[in-house]
$ cat query_21.txt   # compact mmCIF, N, CA and C atoms and all ligand atoms
# COMPACT_ATOMS: atom_id res chain seq x y z
N MET A 1 2.14 -15.06 8.59
CA MET A 1 1.03 -14.94 7.64
C MET A 1 1.26 -15.91 6.48
N PRO A 2 0.25 -16.55 5.95
CA PRO A 2 0.45 -17.54 4.91
C PRO A 2 0.89 -16.94 3.58
N GLY A 3 0.40 -15.77 3.22
CA GLY A 3 0.83 -15.11 2.00
C GLY A 3 1.95 -14.16 2.36
N GLY A 4 1.78 -12.90 1.99
CA GLY A 4 2.76 -11.89 2.38
C GLY A 4 2.38 -11.33 3.73
N SER A 5 2.97 -10.17 4.03
CA SER A 5 2.68 -9.53 5.31
C SER A 5 2.56 -8.03 5.09
N ALA A 6 2.13 -7.33 6.12
CA ALA A 6 2.02 -5.87 6.07
C ALA A 6 2.42 -5.34 7.43
N ARG A 7 3.16 -4.23 7.42
CA ARG A 7 3.56 -3.64 8.70
C ARG A 7 3.77 -2.15 8.53
N LEU A 8 3.74 -1.45 9.67
CA LEU A 8 3.93 -0.01 9.66
C LEU A 8 5.41 0.32 9.49
N ILE A 9 5.67 1.39 8.77
CA ILE A 9 7.03 1.91 8.60
C ILE A 9 7.03 3.37 9.04
N ASP A 10 7.93 3.72 9.94
CA ASP A 10 8.05 5.10 10.40
C ASP A 10 9.22 5.77 9.70
N LEU A 11 8.98 6.92 9.11
CA LEU A 11 10.03 7.67 8.42
C LEU A 11 10.60 8.74 9.35
N PRO A 12 11.83 9.16 9.07
CA PRO A 12 12.41 10.24 9.89
C PRO A 12 11.70 11.57 9.64
N VAL A 13 11.82 12.46 10.59
CA VAL A 13 11.32 13.83 10.39
C VAL A 13 12.35 14.80 10.93
N VAL A 14 12.56 15.87 10.20
CA VAL A 14 13.42 16.97 10.66
C VAL A 14 12.50 18.17 10.85
N SER A 15 12.38 18.61 12.09
CA SER A 15 11.45 19.70 12.39
C SER A 15 12.22 20.93 12.82
N ASP A 16 11.82 22.09 12.34
CA ASP A 16 12.35 23.35 12.83
C ASP A 16 11.23 24.38 12.70
N PRO A 17 11.49 25.61 13.06
CA PRO A 17 10.38 26.59 13.04
C PRO A 17 9.75 26.79 11.66
N ARG A 18 10.44 26.30 10.60
CA ARG A 18 9.87 26.46 9.25
C ARG A 18 8.91 25.33 8.90
N GLY A 19 8.85 24.31 9.77
CA GLY A 19 7.95 23.19 9.49
C GLY A 19 8.68 21.86 9.59
N ASP A 20 8.05 20.82 9.07
CA ASP A 20 8.59 19.46 9.15
C ASP A 20 9.05 19.00 7.77
N LEU A 21 10.13 18.21 7.76
CA LEU A 21 10.65 17.63 6.51
C LEU A 21 10.84 16.13 6.74
N THR A 22 10.19 15.33 5.91
CA THR A 22 10.34 13.87 6.00
C THR A 22 10.95 13.37 4.70
N PHE A 23 11.80 12.37 4.80
CA PHE A 23 12.46 11.85 3.60
C PHE A 23 12.42 10.32 3.62
N VAL A 24 12.60 9.75 2.44
CA VAL A 24 12.58 8.30 2.34
C VAL A 24 13.61 7.85 1.31
N GLU A 25 14.41 6.88 1.68
CA GLU A 25 15.45 6.33 0.81
C GLU A 25 15.17 4.85 0.57
N GLY A 26 15.25 4.46 -0.72
CA GLY A 26 15.09 3.05 -1.06
C GLY A 26 16.21 2.22 -0.45
N ARG A 27 15.88 1.01 -0.06
CA ARG A 27 16.82 0.07 0.58
C ARG A 27 17.36 0.59 1.91
N ASN A 28 16.74 1.61 2.43
CA ASN A 28 17.10 2.10 3.76
C ASN A 28 15.81 2.17 4.58
N HIS A 29 14.96 3.15 4.28
CA HIS A 29 13.70 3.27 5.04
C HIS A 29 12.64 2.32 4.51
N VAL A 30 12.73 1.97 3.23
CA VAL A 30 11.85 0.93 2.67
C VAL A 30 12.77 -0.18 2.15
N PRO A 31 12.32 -1.45 2.19
CA PRO A 31 13.24 -2.56 1.94
C PRO A 31 13.42 -2.91 0.46
N PHE A 32 13.22 -1.92 -0.44
CA PHE A 32 13.41 -2.20 -1.87
C PHE A 32 13.88 -0.91 -2.55
N ASP A 33 14.43 -1.06 -3.75
CA ASP A 33 14.72 0.11 -4.59
C ASP A 33 13.39 0.66 -5.08
N ILE A 34 13.23 1.97 -5.02
CA ILE A 34 11.96 2.58 -5.42
C ILE A 34 11.97 2.77 -6.94
N ALA A 35 11.10 2.02 -7.63
CA ALA A 35 11.06 2.06 -9.09
C ALA A 35 9.95 2.98 -9.60
N ARG A 36 8.99 3.30 -8.73
CA ARG A 36 7.82 4.07 -9.18
C ARG A 36 7.19 4.76 -7.99
N VAL A 37 6.69 5.95 -8.22
CA VAL A 37 5.89 6.67 -7.23
C VAL A 37 4.59 7.08 -7.91
N TYR A 38 3.47 6.85 -7.26
CA TYR A 38 2.21 7.38 -7.78
C TYR A 38 1.37 7.89 -6.62
N TYR A 39 0.38 8.71 -6.94
CA TYR A 39 -0.45 9.26 -5.87
C TYR A 39 -1.89 9.37 -6.32
N LEU A 40 -2.74 9.23 -5.35
CA LEU A 40 -4.20 9.32 -5.56
C LEU A 40 -4.68 10.61 -4.92
N TYR A 41 -5.48 11.36 -5.63
CA TYR A 41 -6.00 12.63 -5.11
C TYR A 41 -7.31 12.91 -5.81
N ASN A 42 -8.03 13.92 -5.34
CA ASN A 42 -9.39 14.18 -5.85
C ASN A 42 -10.25 12.92 -5.71
N VAL A 43 -10.03 12.18 -4.63
CA VAL A 43 -10.78 10.93 -4.44
C VAL A 43 -12.12 11.27 -3.76
N PRO A 44 -13.24 10.91 -4.37
CA PRO A 44 -14.54 11.16 -3.71
C PRO A 44 -14.59 10.43 -2.35
N VAL A 45 -15.25 11.03 -1.38
CA VAL A 45 -15.24 10.47 -0.03
C VAL A 45 -15.90 9.09 0.03
N ASP A 46 -16.77 8.79 -0.94
CA ASP A 46 -17.42 7.47 -0.93
C ASP A 46 -16.75 6.48 -1.88
N ALA A 47 -15.57 6.82 -2.39
CA ALA A 47 -14.90 5.93 -3.36
C ALA A 47 -14.25 4.75 -2.64
N GLU A 48 -14.18 3.63 -3.35
CA GLU A 48 -13.45 2.44 -2.87
C GLU A 48 -12.39 2.13 -3.91
N ARG A 49 -11.15 2.02 -3.48
CA ARG A 49 -10.06 1.73 -4.41
C ARG A 49 -9.38 0.44 -3.98
N GLY A 50 -8.44 -0.03 -4.81
CA GLY A 50 -7.81 -1.32 -4.51
C GLY A 50 -8.74 -2.43 -4.93
N GLY A 51 -8.78 -3.49 -4.12
CA GLY A 51 -9.56 -4.65 -4.51
C GLY A 51 -8.73 -5.55 -5.41
N HIS A 52 -7.49 -5.79 -4.98
CA HIS A 52 -6.60 -6.66 -5.74
C HIS A 52 -5.38 -6.99 -4.89
N ALA A 53 -4.57 -7.91 -5.39
CA ALA A 53 -3.27 -8.24 -4.79
C ALA A 53 -2.25 -8.20 -5.92
N HIS A 54 -0.99 -8.32 -5.54
CA HIS A 54 0.09 -8.35 -6.54
C HIS A 54 0.90 -9.63 -6.39
N LYS A 55 1.36 -10.15 -7.52
CA LYS A 55 2.15 -11.38 -7.51
C LYS A 55 3.56 -11.12 -6.99
N VAL A 56 4.13 -9.99 -7.34
CA VAL A 56 5.54 -9.70 -7.01
C VAL A 56 5.71 -8.36 -6.31
N LEU A 57 4.91 -7.39 -6.70
CA LEU A 57 5.12 -5.99 -6.27
C LEU A 57 5.05 -5.83 -4.76
N GLN A 58 5.99 -5.04 -4.24
CA GLN A 58 5.92 -4.56 -2.86
C GLN A 58 5.68 -3.06 -2.93
N GLN A 59 4.91 -2.54 -1.96
CA GLN A 59 4.59 -1.12 -1.96
C GLN A 59 4.54 -0.60 -0.53
N VAL A 60 4.75 0.71 -0.41
CA VAL A 60 4.50 1.38 0.87
C VAL A 60 3.51 2.51 0.60
N VAL A 61 2.44 2.53 1.39
CA VAL A 61 1.32 3.44 1.18
C VAL A 61 1.32 4.49 2.29
N PHE A 62 1.20 5.76 1.91
CA PHE A 62 1.17 6.86 2.88
C PHE A 62 -0.04 7.75 2.65
N ALA A 63 -0.53 8.37 3.69
CA ALA A 63 -1.48 9.48 3.58
C ALA A 63 -0.65 10.75 3.72
N LEU A 64 -0.38 11.42 2.62
CA LEU A 64 0.41 12.67 2.71
C LEU A 64 -0.43 13.79 3.27
N SER A 65 -1.73 13.70 3.03
CA SER A 65 -2.66 14.70 3.55
C SER A 65 -3.99 14.00 3.79
N GLY A 66 -4.74 14.45 4.80
CA GLY A 66 -6.02 13.84 5.09
C GLY A 66 -5.85 12.42 5.62
N SER A 67 -6.86 11.59 5.39
CA SER A 67 -6.84 10.24 5.96
C SER A 67 -7.67 9.29 5.09
N PHE A 68 -7.43 8.01 5.28
CA PHE A 68 -8.24 6.97 4.65
C PHE A 68 -7.98 5.66 5.38
N ARG A 69 -8.83 4.69 5.10
CA ARG A 69 -8.67 3.36 5.71
C ARG A 69 -8.06 2.41 4.68
N LEU A 70 -7.07 1.65 5.13
CA LEU A 70 -6.47 0.60 4.29
C LEU A 70 -6.75 -0.73 4.97
N THR A 71 -7.47 -1.60 4.29
CA THR A 71 -7.75 -2.94 4.82
C THR A 71 -6.90 -3.93 4.06
N ILE A 72 -6.16 -4.73 4.81
CA ILE A 72 -5.33 -5.73 4.15
C ILE A 72 -5.78 -7.13 4.60
N ASP A 73 -5.56 -8.07 3.71
CA ASP A 73 -6.07 -9.43 3.89
C ASP A 73 -5.00 -10.38 3.36
N ASP A 74 -4.51 -11.26 4.23
CA ASP A 74 -3.45 -12.19 3.80
C ASP A 74 -4.02 -13.52 3.32
N GLY A 75 -5.34 -13.59 3.16
CA GLY A 75 -5.99 -14.83 2.72
C GLY A 75 -6.63 -15.56 3.88
N LEU A 76 -6.23 -15.20 5.10
CA LEU A 76 -6.83 -15.81 6.30
C LEU A 76 -7.42 -14.75 7.21
N GLU A 77 -6.66 -13.68 7.40
CA GLU A 77 -7.05 -12.64 8.35
C GLU A 77 -7.03 -11.28 7.69
N LYS A 78 -7.94 -10.42 8.18
CA LYS A 78 -7.95 -9.03 7.71
C LYS A 78 -7.48 -8.13 8.83
N SER A 79 -6.81 -7.04 8.46
CA SER A 79 -6.54 -6.00 9.46
C SER A 79 -6.68 -4.63 8.82
N GLU A 80 -6.96 -3.66 9.67
CA GLU A 80 -7.23 -2.30 9.21
C GLU A 80 -6.16 -1.35 9.68
N PHE A 81 -5.78 -0.44 8.81
CA PHE A 81 -4.90 0.66 9.18
C PHE A 81 -5.62 1.96 8.83
N TRP A 82 -5.66 2.86 9.79
CA TRP A 82 -6.18 4.21 9.49
C TRP A 82 -4.97 5.09 9.26
N LEU A 83 -4.77 5.48 8.02
CA LEU A 83 -3.57 6.27 7.69
C LEU A 83 -3.92 7.75 7.74
N ARG A 84 -3.14 8.50 8.51
CA ARG A 84 -3.37 9.93 8.62
C ARG A 84 -2.07 10.69 8.93
N ASN A 85 -0.97 9.96 9.18
CA ASN A 85 0.30 10.59 9.53
C ASN A 85 1.25 10.47 8.35
N PRO A 86 1.68 11.59 7.75
CA PRO A 86 2.54 11.50 6.56
C PRO A 86 3.90 10.88 6.83
N ARG A 87 4.26 10.71 8.08
CA ARG A 87 5.53 10.06 8.44
C ARG A 87 5.39 8.55 8.54
N GLN A 88 4.17 8.04 8.51
CA GLN A 88 3.97 6.63 8.78
C GLN A 88 3.26 5.95 7.60
N GLY A 89 3.92 4.94 7.03
CA GLY A 89 3.33 4.23 5.92
C GLY A 89 3.11 2.76 6.26
N VAL A 90 2.40 2.08 5.37
CA VAL A 90 2.19 0.64 5.53
C VAL A 90 2.90 -0.07 4.39
N LEU A 91 3.84 -0.94 4.76
CA LEU A 91 4.53 -1.78 3.79
C LEU A 91 3.62 -2.97 3.47
N ILE A 92 3.28 -3.11 2.20
CA ILE A 92 2.43 -4.22 1.77
C ILE A 92 3.26 -5.15 0.90
N ASP A 93 3.43 -6.35 1.39
CA ASP A 93 4.21 -7.36 0.70
C ASP A 93 3.42 -7.92 -0.48
N ARG A 94 4.04 -8.81 -1.23
CA ARG A 94 3.34 -9.50 -2.32
C ARG A 94 2.24 -10.40 -1.72
N LEU A 95 1.26 -10.75 -2.54
CA LEU A 95 0.17 -11.65 -2.14
C LEU A 95 -0.58 -11.16 -0.90
N ILE A 96 -0.91 -9.90 -0.91
CA ILE A 96 -1.77 -9.31 0.11
C ILE A 96 -2.90 -8.58 -0.63
N TRP A 97 -4.11 -8.94 -0.30
CA TRP A 97 -5.27 -8.24 -0.88
C TRP A 97 -5.43 -6.91 -0.14
N ARG A 98 -5.66 -5.81 -0.89
CA ARG A 98 -5.82 -4.50 -0.24
C ARG A 98 -7.06 -3.78 -0.76
N GLU A 99 -7.70 -3.08 0.17
CA GLU A 99 -8.84 -2.24 -0.17
C GLU A 99 -8.67 -0.91 0.54
N MET A 100 -9.09 0.16 -0.09
CA MET A 100 -8.96 1.49 0.50
C MET A 100 -10.28 2.22 0.38
N ASP A 101 -10.72 2.81 1.50
CA ASP A 101 -11.97 3.57 1.47
C ASP A 101 -11.95 4.61 2.58
N ALA A 102 -13.10 5.22 2.82
CA ALA A 102 -13.25 6.24 3.87
C ALA A 102 -12.24 7.38 3.70
N PHE A 103 -12.04 7.80 2.46
CA PHE A 103 -11.13 8.93 2.20
C PHE A 103 -11.74 10.21 2.74
N SER A 104 -10.92 10.98 3.43
CA SER A 104 -11.40 12.30 3.88
C SER A 104 -11.35 13.26 2.69
N GLN A 105 -12.07 14.36 2.82
CA GLN A 105 -12.07 15.38 1.78
C GLN A 105 -10.63 15.87 1.55
N GLY A 106 -10.16 15.86 0.32
CA GLY A 106 -8.82 16.37 0.02
C GLY A 106 -7.68 15.43 0.37
N ALA A 107 -7.98 14.18 0.70
CA ALA A 107 -6.91 13.24 1.06
C ALA A 107 -5.97 13.01 -0.14
N VAL A 108 -4.69 12.85 0.18
CA VAL A 108 -3.70 12.51 -0.85
C VAL A 108 -2.97 11.25 -0.38
N CYS A 109 -3.04 10.21 -1.20
CA CYS A 109 -2.37 8.94 -0.90
C CYS A 109 -1.17 8.81 -1.83
N MET A 110 0.01 8.63 -1.25
CA MET A 110 1.22 8.43 -2.06
C MET A 110 1.69 6.99 -1.88
N VAL A 111 2.11 6.37 -2.97
CA VAL A 111 2.56 4.98 -2.92
C VAL A 111 3.95 4.88 -3.55
N LEU A 112 4.86 4.22 -2.83
CA LEU A 112 6.19 3.90 -3.34
C LEU A 112 6.16 2.44 -3.76
N ALA A 113 6.63 2.15 -4.96
CA ALA A 113 6.49 0.79 -5.49
C ALA A 113 7.85 0.24 -5.91
N SER A 114 7.99 -1.07 -5.79
CA SER A 114 9.27 -1.73 -6.07
C SER A 114 9.50 -2.00 -7.56
N HIS A 115 8.44 -1.87 -8.37
CA HIS A 115 8.57 -2.17 -9.80
C HIS A 115 7.73 -1.17 -10.61
N PRO A 116 8.07 -1.02 -11.89
CA PRO A 116 7.21 -0.23 -12.78
C PRO A 116 5.82 -0.86 -12.90
N TYR A 117 4.88 -0.10 -13.40
CA TYR A 117 3.51 -0.60 -13.57
C TYR A 117 3.48 -1.79 -14.53
N ASP A 118 2.77 -2.82 -14.13
CA ASP A 118 2.63 -4.02 -14.96
C ASP A 118 1.29 -4.67 -14.64
N GLU A 119 0.34 -4.52 -15.55
CA GLU A 119 -1.01 -5.06 -15.28
C GLU A 119 -0.96 -6.57 -15.07
N ALA A 120 0.02 -7.25 -15.67
CA ALA A 120 0.12 -8.71 -15.53
C ALA A 120 0.47 -9.13 -14.10
N ASP A 121 0.93 -8.18 -13.29
CA ASP A 121 1.29 -8.50 -11.90
C ASP A 121 0.07 -8.46 -10.97
N TYR A 122 -1.07 -7.95 -11.48
CA TYR A 122 -2.27 -7.81 -10.63
C TYR A 122 -3.04 -9.11 -10.54
N ILE A 123 -3.56 -9.41 -9.35
CA ILE A 123 -4.58 -10.46 -9.18
C ILE A 123 -5.84 -9.72 -8.77
N ARG A 124 -6.81 -9.63 -9.67
CA ARG A 124 -8.01 -8.83 -9.41
C ARG A 124 -9.22 -9.68 -9.05
N ASP A 125 -9.02 -11.00 -8.97
CA ASP A 125 -10.11 -11.91 -8.60
C ASP A 125 -9.78 -12.52 -7.23
N TYR A 126 -10.71 -12.36 -6.27
CA TYR A 126 -10.40 -12.78 -4.89
C TYR A 126 -10.15 -14.28 -4.79
N GLU A 127 -10.90 -15.09 -5.54
CA GLU A 127 -10.70 -16.55 -5.46
C GLU A 127 -9.35 -16.96 -6.06
N VAL A 128 -8.93 -16.28 -7.10
CA VAL A 128 -7.60 -16.55 -7.68
C VAL A 128 -6.53 -16.19 -6.64
N PHE A 129 -6.75 -15.07 -5.94
CA PHE A 129 -5.82 -14.67 -4.86
C PHE A 129 -5.74 -15.75 -3.79
N ARG A 130 -6.90 -16.23 -3.34
CA ARG A 130 -6.91 -17.27 -2.29
C ARG A 130 -6.15 -18.52 -2.74
N ALA A 131 -6.33 -18.88 -4.00
CA ALA A 131 -5.64 -20.07 -4.53
C ALA A 131 -4.13 -19.83 -4.57
N ALA A 132 -3.71 -18.62 -4.92
CA ALA A 132 -2.27 -18.31 -4.97
C ALA A 132 -1.67 -18.37 -3.57
N VAL A 133 -2.40 -17.89 -2.58
CA VAL A 133 -1.92 -17.96 -1.19
C VAL A 133 -1.79 -19.42 -0.77
N GLN A 134 -2.79 -20.22 -1.13
CA GLN A 134 -2.77 -21.65 -0.77
C GLN A 134 -1.58 -22.34 -1.41
N ASP A 135 -1.29 -22.02 -2.67
CA ASP A 135 -0.13 -22.60 -3.36
C ASP A 135 1.15 -22.27 -2.62
N THR A 136 1.27 -21.02 -2.17
CA THR A 136 2.48 -20.59 -1.46
C THR A 136 2.60 -21.34 -0.14
N THR A 137 1.46 -21.51 0.53
CA THR A 137 1.46 -22.19 1.83
C THR A 137 1.87 -23.65 1.66
N ASN A 138 1.45 -24.28 0.56
CA ASN A 138 1.71 -25.70 0.33
C ASN A 138 3.12 -25.97 -0.18
N SER A 139 3.77 -24.95 -0.75
CA SER A 139 5.08 -25.22 -1.36
C SER A 139 6.22 -25.07 -0.36
C1 LIG A 201 -2.45 -0.48 -5.30
C2 LIG A 201 -3.30 0.61 -4.78
C3 LIG A 201 -2.87 1.08 -3.42
C4 LIG A 201 -1.18 3.05 -14.41
O1 LIG A 201 -1.28 3.22 -15.65
N1 LIG A 201 0.02 3.16 -13.78
C5 LIG A 201 0.18 3.02 -12.45
O2 LIG A 201 1.31 3.13 -11.93
C6 LIG A 201 -0.98 2.70 -11.66
C7 LIG A 201 -0.86 2.52 -10.15
C8 LIG A 201 -2.18 2.59 -12.29
N2 LIG A 201 -2.28 2.77 -13.65
C9 LIG A 201 -3.60 2.66 -14.28
C10 LIG A 201 -4.23 1.28 -14.24
C11 LIG A 201 -5.70 1.57 -14.25
O3 LIG A 201 -6.14 1.72 -15.59
O4 LIG A 201 -4.51 3.51 -13.59
C12 LIG A 201 -5.80 2.94 -13.56
C13 LIG A 201 -6.34 2.86 -12.14
O5 LIG A 201 -5.57 1.86 -11.41
P1 LIG A 201 -6.22 0.96 -10.25
O6 LIG A 201 -7.65 0.74 -10.54
O7 LIG A 201 -5.35 -0.24 -10.08
O8 LIG A 201 -6.08 1.96 -8.99
P2 LIG A 201 -6.28 1.60 -7.45
O9 LIG A 201 -6.25 2.89 -6.70
O10 LIG A 201 -7.44 0.72 -7.24
O11 LIG A 201 -4.96 0.76 -7.06
C14 LIG A 201 -3.72 1.42 -7.00
C15 LIG A 201 -2.63 0.53 -7.58
O12 LIG A 201 -2.98 0.13 -8.92
C16 LIG A 201 -2.41 -0.71 -6.77
O13 LIG A 201 -1.19 -1.34 -7.15
O14 LIG A 201 -1.92 -1.28 -4.54
O15 LIG A 201 -3.42 1.74 -5.65
$ encode --input "query_21.txt" --output "structure tokens"
Amino acid sequence: MPGGSARLIDLPVVSDPRGDLTFVEGRNHVPFDIARVYYLYNVPVDAERGGHAHKVLQQVVFALSGSFRLTIDDGLEKSEFWLRNPRQGVLIDRLIWREMDAFSQGAVCMVLASHPYDEADYIRDYEVFRAAVQDTTNS
């Protein structure tokens, strides 16, 4: 991919008659130290979230409950992930445009992030994103 990349990450599960337990360790199950966790909930079913890329941040996105669609775009190609399994997340590298929609009623999205929140790390303009991808490809 010319910019960053995105791929599925499967987490371990420990199941017994009391239910399932999944865990995640930074630099083990995800390829970075986890600096921040945030979650989206009470999301209206017709809401659209995302619509940006990050200059440096890496994240892993999970549907802890319910489901939603995650569309990622590396500047050339788009692909879709339907997230509905709390054991399976999508690792989103830097310089990947992401959009999220089609949230089911009561969906909960949890995100593990490699850095604290920093608005300066966001690219919220699609043409600026395309130019940043092109710069990376040319260098
Ligand atoms: C991403 C997708 C998957 C904070 O103050 N701290 C935080 O850690 C975050 C994530 C957001 N905010 C503030 C910034 C905005 O004023 O919360 C407000 C809503 O954020 P935003 O419109 O960026 O939310 P989403 O759902 O469109 O995007 C979020 C993340 O920001 C983004 O990094 O990849 O979820």
$ select_by_dssp --input "query_21.txt" --residues "segment 2-52 of chain A" --states "strand (DSSP E)" --output "list in words"
Ala6, Arg7, Leu8, Ile9, Asp10, Val13, Val14, Ser15, Asp16, Gly19, Asp20, Leu21, Thr22, Arg36, Val37, Tyr38, Tyr39, Leu40, Arg49, Gly50, Gly51 and His52 of chain A
$ residues_near_ligand --input "query_21.txt" --ligand "ligand LIG 201 (chain A)" --cutoff "5 Å" --atoms "all atoms listed in the file" --output "count of residues only"
3
$ residues_around --input "query_21.txt" --residues "segment 84-92 of chain A" --least-positions-apart "5" --cutoff "7 Å" --atoms "only C-alpha atoms" --output "PDB file with N, CA and C atoms, in the frame of the given file"
ATOM      1  N   SER A   5       2.970 -10.170   4.030  1.00  0.00           N
ATOM      2  CA  SER A   5       2.680  -9.530   5.310  1.00  0.00           C
ATOM      3  C   SER A   5       2.560  -8.030   5.090  1.00  0.00           C
ATOM      4  N   ALA A   6       2.130  -7.330   6.120  1.00  0.00           N
ATOM      5  CA  ALA A   6       2.020  -5.870   6.070  1.00  0.00           C
ATOM      6  C   ALA A   6       2.420  -5.340   7.430  1.00  0.00           C
ATOM      7  N   ARG A   7       3.160  -4.230   7.420  1.00  0.00           N
ATOM      8  CA  ARG A   7       3.560  -3.640   8.700  1.00  0.00           C
ATOM      9  C   ARG A   7       3.770  -2.150   8.530  1.00  0.00           C
ATOM     10  N   LEU A   8       3.740  -1.450   9.670  1.00  0.00           N
ATOM     11  CA  LEU A   8       3.930  -0.010   9.660  1.00  0.00           C
ATOM     12  C   LEU A   8       5.410   0.320   9.490  1.00  0.00           C
ATOM     13  N   ILE A   9       5.670   1.390   8.770  1.00  0.00           N
ATOM     14  CA  ILE A   9       7.030   1.910   8.600  1.00  0.00           C
ATOM     15  C   ILE A   9       7.030   3.370   9.040  1.00  0.00           C
ATOM     16  N   ASP A  10       7.930   3.720   9.940  1.00  0.00           N
ATOM     17  CA  ASP A  10       8.050   5.100  10.400  1.00  0.00           C
ATOM     18  C   ASP A  10       9.220   5.770   9.700  1.00  0.00           C
ATOM     19  N   LEU A  11       8.980   6.920   9.110  1.00  0.00           N
ATOM     20  CA  LEU A  11      10.030   7.670   8.420  1.00  0.00           C
ATOM     21  C   LEU A  11      10.600   8.740   9.350  1.00  0.00           C
ATOM     22  N   THR A  22      10.190  15.330   5.910  1.00  0.00           N
ATOM     23  CA  THR A  22      10.340  13.870   6.000  1.00  0.00           C
ATOM     24  C   THR A  22      10.950  13.370   4.700  1.00  0.00           C
ATOM     25  N   GLN A  58       5.990  -5.040  -4.240  1.00  0.00           N
ATOM     26  CA  GLN A  58       5.920  -4.560  -2.860  1.00  0.00           C
ATOM     27  C   GLN A  58       5.680  -3.060  -2.930  1.00  0.00           C
ATOM     28  N   GLN A  59       4.910  -2.540  -1.960  1.00  0.00           N
ATOM     29  CA  GLN A  59       4.590  -1.120  -1.960  1.00  0.00           C
ATOM     30  C   GLN A  59       4.540  -0.600  -0.530  1.00  0.00           C
ATOM     31  N   VAL A  60       4.750   0.710  -0.410  1.00  0.00           N
ATOM     32  CA  VAL A  60       4.500   1.380   0.870  1.00  0.00           C
ATOM     33  C   VAL A  60       3.510   2.510   0.600  1.00  0.00           C
ATOM     34  N   VAL A  61       2.440   2.530   1.390  1.00  0.00           N
ATOM     35  CA  VAL A  61       1.320   3.440   1.180  1.00  0.00           C
ATOM     36  C   VAL A  61       1.320   4.490   2.290  1.00  0.00           C
ATOM     37  N   PHE A  62       1.200   5.760   1.910  1.00  0.00           N
ATOM     38  CA  PHE A  62       1.170   6.860   2.880  1.00  0.00           C
ATOM     39  C   PHE A  62      -0.040   7.750   2.650  1.00  0.00           C
ATOM     40  N   ALA A  63      -0.530   8.370   3.690  1.00  0.00           N
ATOM     41  CA  ALA A  63      -1.480   9.480   3.580  1.00  0.00           C
ATOM     42  C   ALA A  63      -0.650  10.750   3.720  1.00  0.00           C
ATOM     43  N   LEU A  64      -0.380  11.420   2.620  1.00  0.00           N
ATOM     44  CA  LEU A  64       0.410  12.670   2.710  1.00  0.00           C
ATOM     45  C   LEU A  64      -0.430  13.790   3.270  1.00  0.00           C
ATOM     46  N   SER A  65      -1.730  13.700   3.030  1.00  0.00           N
ATOM     47  CA  SER A  65      -2.660  14.700   3.550  1.00  0.00           C
ATOM     48  C   SER A  65      -3.990  14.000   3.790  1.00  0.00           C
ATOM     49  N   GLY A  66      -4.740  14.450   4.800  1.00  0.00           N
ATOM     50  CA  GLY A  66      -6.020  13.840   5.090  1.00  0.00           C
ATOM     51  C   GLY A  66      -5.850  12.420   5.620  1.00  0.00           C
ATOM     52  N   SER A  67      -6.860  11.590   5.390  1.00  0.00           N
ATOM     53  CA  SER A  67      -6.840  10.240   5.960  1.00  0.00           C
ATOM     54  C   SER A  67      -7.670   9.290   5.090  1.00  0.00           C
ATOM     55  N   PHE A  68      -7.430   8.010   5.280  1.00  0.00           N
ATOM     56  CA  PHE A  68      -8.240   6.970   4.650  1.00  0.00           C
ATOM     57  C   PHE A  68      -7.980   5.660   5.380  1.00  0.00           C
TER      58      PHE A  68
END
$ residues_around --input "query_21.txt" --residues "His115 of chain A" --least-positions-apart "5" --cutoff "8 Å" --atoms "all atoms listed in the file" --output "MDAnalysis selection string"
chainID A and resid 33:37 56:59
$ closest_residue --input "query_21.txt" --among "A:Arg130, A:Arg27, A:Arg98, A:Lys55" --to "Gly75 of chain A" --atoms "only N, CA and C atoms"
A:Arg130
$ select_by_dssp --input "query_21.txt" --residues "chain A" --states "alpha helix (DSSP H)" --output "MDAnalysis selection string"
chainID A and resid 126:138
$ closest_residue --input "query_21.txt" --among "A:Gly4, A:Gly106, A:Pro12, A:Gly19" --to "Tyr41 of chain A" --atoms "only N, CA and C atoms"
A:Gly106
$ atom_distance --input "query_21.txt" --atom1 "atom C of Tyr39 of chain A" --atom2 "atom N of Ala107 of chain A"
10.5 Å
$ residues_around --input "query_21.txt" --residues "segment 78-81 of chain A" --least-positions-apart "5" --cutoff "7 Å" --atoms "all atoms listed in the file" --output "number ranges by chain"
A: 68-73
$ write_last_selection --input "query_21.txt" --atoms "N, CA and C atoms" --output "PDB file, in the frame of the given file"
ATOM      1  N   PHE A  68      -7.430   8.010   5.280  1.00  0.00           N
ATOM      2  CA  PHE A  68      -8.240   6.970   4.650  1.00  0.00           C
ATOM      3  C   PHE A  68      -7.980   5.660   5.380  1.00  0.00           C
ATOM      4  N   ARG A  69      -8.830   4.690   5.100  1.00  0.00           N
ATOM      5  CA  ARG A  69      -8.670   3.360   5.710  1.00  0.00           C
ATOM      6  C   ARG A  69      -8.060   2.410   4.680  1.00  0.00           C
ATOM      7  N   LEU A  70      -7.070   1.650   5.130  1.00  0.00           N
ATOM      8  CA  LEU A  70      -6.470   0.600   4.290  1.00  0.00           C
ATOM      9  C   LEU A  70      -6.750  -0.730   4.970  1.00  0.00           C
ATOM     10  N   THR A  71      -7.470  -1.600   4.290  1.00  0.00           N
ATOM     11  CA  THR A  71      -7.750  -2.940   4.820  1.00  0.00           C
ATOM     12  C   THR A  71      -6.900  -3.930   4.060  1.00  0.00           C
ATOM     13  N   ILE A  72      -6.160  -4.730   4.810  1.00  0.00           N
ATOM     14  CA  ILE A  72      -5.330  -5.730   4.150  1.00  0.00           C
ATOM     15  C   ILE A  72      -5.780  -7.130   4.600  1.00  0.00           C
ATOM     16  N   ASP A  73      -5.560  -8.070   3.710  1.00  0.00           N
ATOM     17  CA  ASP A  73      -6.070  -9.430   3.890  1.00  0.00           C
ATOM     18  C   ASP A  73      -5.000 -10.380   3.360  1.00  0.00           C
TER      19      ASP A  73
END
$ atom_distance --input "query_21.txt" --atom1 "atom CA of Tyr122 of chain A" --atom2 "atom CA of Asn138 of chain A"
21.4 Å
$ atom_distance --input "query_21.txt" --atom1 "atom N of Ala102 of chain A" --atom2 "atom C of His52 of chain A"
16.4 Å
